[in-house]
Number of protein chains: 2
Amino acid sequence: MDFDAYKPAVLLDLDGTLVDSVYQHVVAWSEAFQAHGYEVPLWRIHAAIGMGGKRLVPWLLRGHVDDTEELSDDHRRRFLDRADQLRATRGAAALVDDLERREVAFKIATSAEAEIRDALLETLGRTDLASADADDVGSSKPAPDLLLATCADLGVEPEDATLVGDSAWDAEAARRVGIRTIAVRCGGFGDDHLLSAGADAVVDDPGALIGRL
Amino acid sequence: MDFDAYKPAVLLDLDGTLVDSVYQHVVAWSEAFQAHGYEVPLWRIHAAIGMGGKRLVPWLLRGHVDDTEELSDDHRRRFLDRADQLRATRGAAALVDDLERREVAFKIATSAEAEIRDALLETLGRTDLASADADDVGSSKPAPDLLLATCADLGVEPEDATLVGDSAWDAEAARRVGIRTIAVRCGGFGDDHLLSAGADAVVDDPGALIGRL
């Protein structure tokens, strides 16, 4: 691909993209489902990661369930209990430094709940980074609301922005509004899955993008 | 695909195929690596699952390390500590019943260590099922030694056998000796990954194969 074709306004997904958190999410959701009497295959949970919790639960349980709130709370508690195991993905902090040094407009675009977002930013070592509050911007990914709100914050048109994300839901949300997506493999999603959801390119991790956005 | 073309001698991978164990393996390996001072991205660990531990550690750490044995022991302990979270994959027990009822020759083909194999068979509810002992058959997957030993046990030629497995390492081992592979998605590996490793077909889980092997 021709990286020179990309305009320099960058939206960065956080959960799974800048922090290596997907597998801990999968196990935390599995434990929460089991605790509430649901058996959900872990590969299906993996495929749902990247949606907001309010969407993920009914998507996996195939319909509205009354205990979505309790399941989300249980997942959050279990995930945060193992937050000390989290690490930044390869090159994540260096990519943020690189964007700042080169004065590329960028912003974190995450639909993670506030408590989880704060834990992820702490893992990244960048609690100073601002992001649009997921609770304020309507529907979560794959709805594009958050991405549009973040573009508005940055003062750029969607077609001038590039999203870096790890999940098919990122790519799908971006495609709906004409934002380019570079997908990273570090969330554990297959290339075919990411490309068929609309990703324009796939690289291993944020480290592969230093100097190139 | 034409399932009728498959001859009815079946090798069943256990770990990740009949038991939903891959994500717990990933997290257990990650914890073991961290405890020994190594940082390995979780998606890379996922990609290595299905190899024997003696191969997995040097593959991930890019060379021989002195503490492969300690890392494997630590992983095993952490994995077994959460064995009560394990569940059979969808249709796994029913597929075994189906093969027995239809008198299809089959055998478990696993390179899991004895203690882990026993925990997995217990999860499946079939501690009576025999398997070739991985320690007795030379190199682990992607080497085909275990698959050849299992074919010999069954008294079939490799080209008359079909392996059901969840990882690229299963498909690669089988391809080397002319065994067909049907891959299941329930280990969380992408279709392109499985097919490019040599899988002949991909289905969701063992439940999709009932009555068809």
# chains A, B, ... in the order shown; residues from 1 in each chain; ligands from 1
$ residues_around --residues "stretch 181-195 of chain B" --least-positions-apart "2" --cutoff "8 Å" --atoms "only C-alpha atoms" --output "number ranges by chain"
A: 41-44, 46, 189-193; B: 16-17, 20-22, 47, 89, 162-168, 170-171, 174-175, 179, 197-206
$ closest_residue --among "A:Leu95, A:Leu129, A:Ala48, A:Val19" --to "A:Leu60" --atoms "only C-alpha atoms"
A:Ala48
$ closest_residue --among "A:Leu18, A:Leu154, A:Leu86, A:Leu11" --to "B:Glu31" --atoms "only C-alpha atoms"
A:Leu86
$ select_by_dssp --residues "chain B" --states "helix (DSSP H, G or I)" --output "PyMOL selection string"
chain B and resi 3-5+22-35+42-48+53-60+68-81+83-85+92-101+114-124+134-136+145-154+158-160+168-176+185-187+191-196+206-209
$ atom_distance --atom1 "atom CA of A:Arg78" --atom2 "atom CA of B:Leu121"
27.5 Å
$ residues_around --residues "stretch 106-114 of chain B" --least-positions-apart "3" --cutoff "6 Å" --atoms "only C-alpha atoms" --output "list of chain:residue names"
B:Ala9, B:Val10, B:Leu11, B:Leu12, B:Asp13, B:Leu14, B:Arg117, B:Ser131, B:Ala134
$ select_by_dssp --residues "stretch 84-153 of chain A" --states "strand (DSSP E)" --output "PyMOL selection string"
chain A and resi 105-108
$ closest_residue --among "A:Asp98, A:Glu159, A:Asp15, A:Glu122" --to "A:Asp84" --atoms "only C-alpha atoms"
A:Glu122
$ residues_around --residues "A:Glu70" --least-positions-apart "3" --cutoff "12 Å" --atoms "only C-alpha atoms" --output "PDB file with C-alpha atoms, in the first residue's frame"
ATOM      1  CA  TRP A  29     -16.404 -12.114  29.626  1.00  0.00           C
ATOM      2  CA  ALA A  32     -18.937 -13.433  33.711  1.00  0.00           C
ATOM      3  CA  PHE A  33     -21.200 -15.405  31.354  1.00  0.00           C
ATOM      4  CA  ALA A  35     -21.216 -16.946  36.581  1.00  0.00           C
ATOM      5  CA  HIS A  36     -24.640 -15.945  35.228  1.00  0.00           C
ATOM      6  CA  GLY A  53     -20.756  -4.022  26.193  1.00  0.00           C
ATOM      7  CA  LYS A  54     -24.357  -2.947  25.632  1.00  0.00           C
ATOM      8  CA  VAL A  57     -24.138  -9.078  25.320  1.00  0.00           C
ATOM      9  CA  VAL A  65     -31.405 -10.211  28.024  1.00  0.00           C
ATOM     10  CA  ASP A  66     -32.455  -8.635  31.265  1.00  0.00           C
ATOM     11  CA  ASP A  67     -29.067  -8.910  32.907  1.00  0.00           C
ATOM     12  CA  ASP A  73     -20.497  -4.963  35.614  1.00  0.00           C
ATOM     13  CA  ASP A  74     -19.235  -8.479  36.313  1.00  0.00           C
ATOM     14  CA  HIS A  75     -16.990  -8.420  33.233  1.00  0.00           C
ATOM     15  CA  ARG A  76     -15.574  -5.012  34.178  1.00  0.00           C
ATOM     16  CA  ARG A  77     -14.753  -6.146  37.703  1.00  0.00           C
TER      17      ARG A  77
END
$ atom_distance --atom1 "atom CA of A:Leu148" --atom2 "atom CA of A:Leu61"
28.6 Å
$ atom_distance --atom1 "atom CA of B:Ser30" --atom2 "atom CA of B:Phe79"
10.8 Å
$ closest_residue --among "A:Pro58, A:Gly125, A:Gly155, A:Gly91" --to "chain B" --atoms "only C-alpha atoms"
A:Gly91
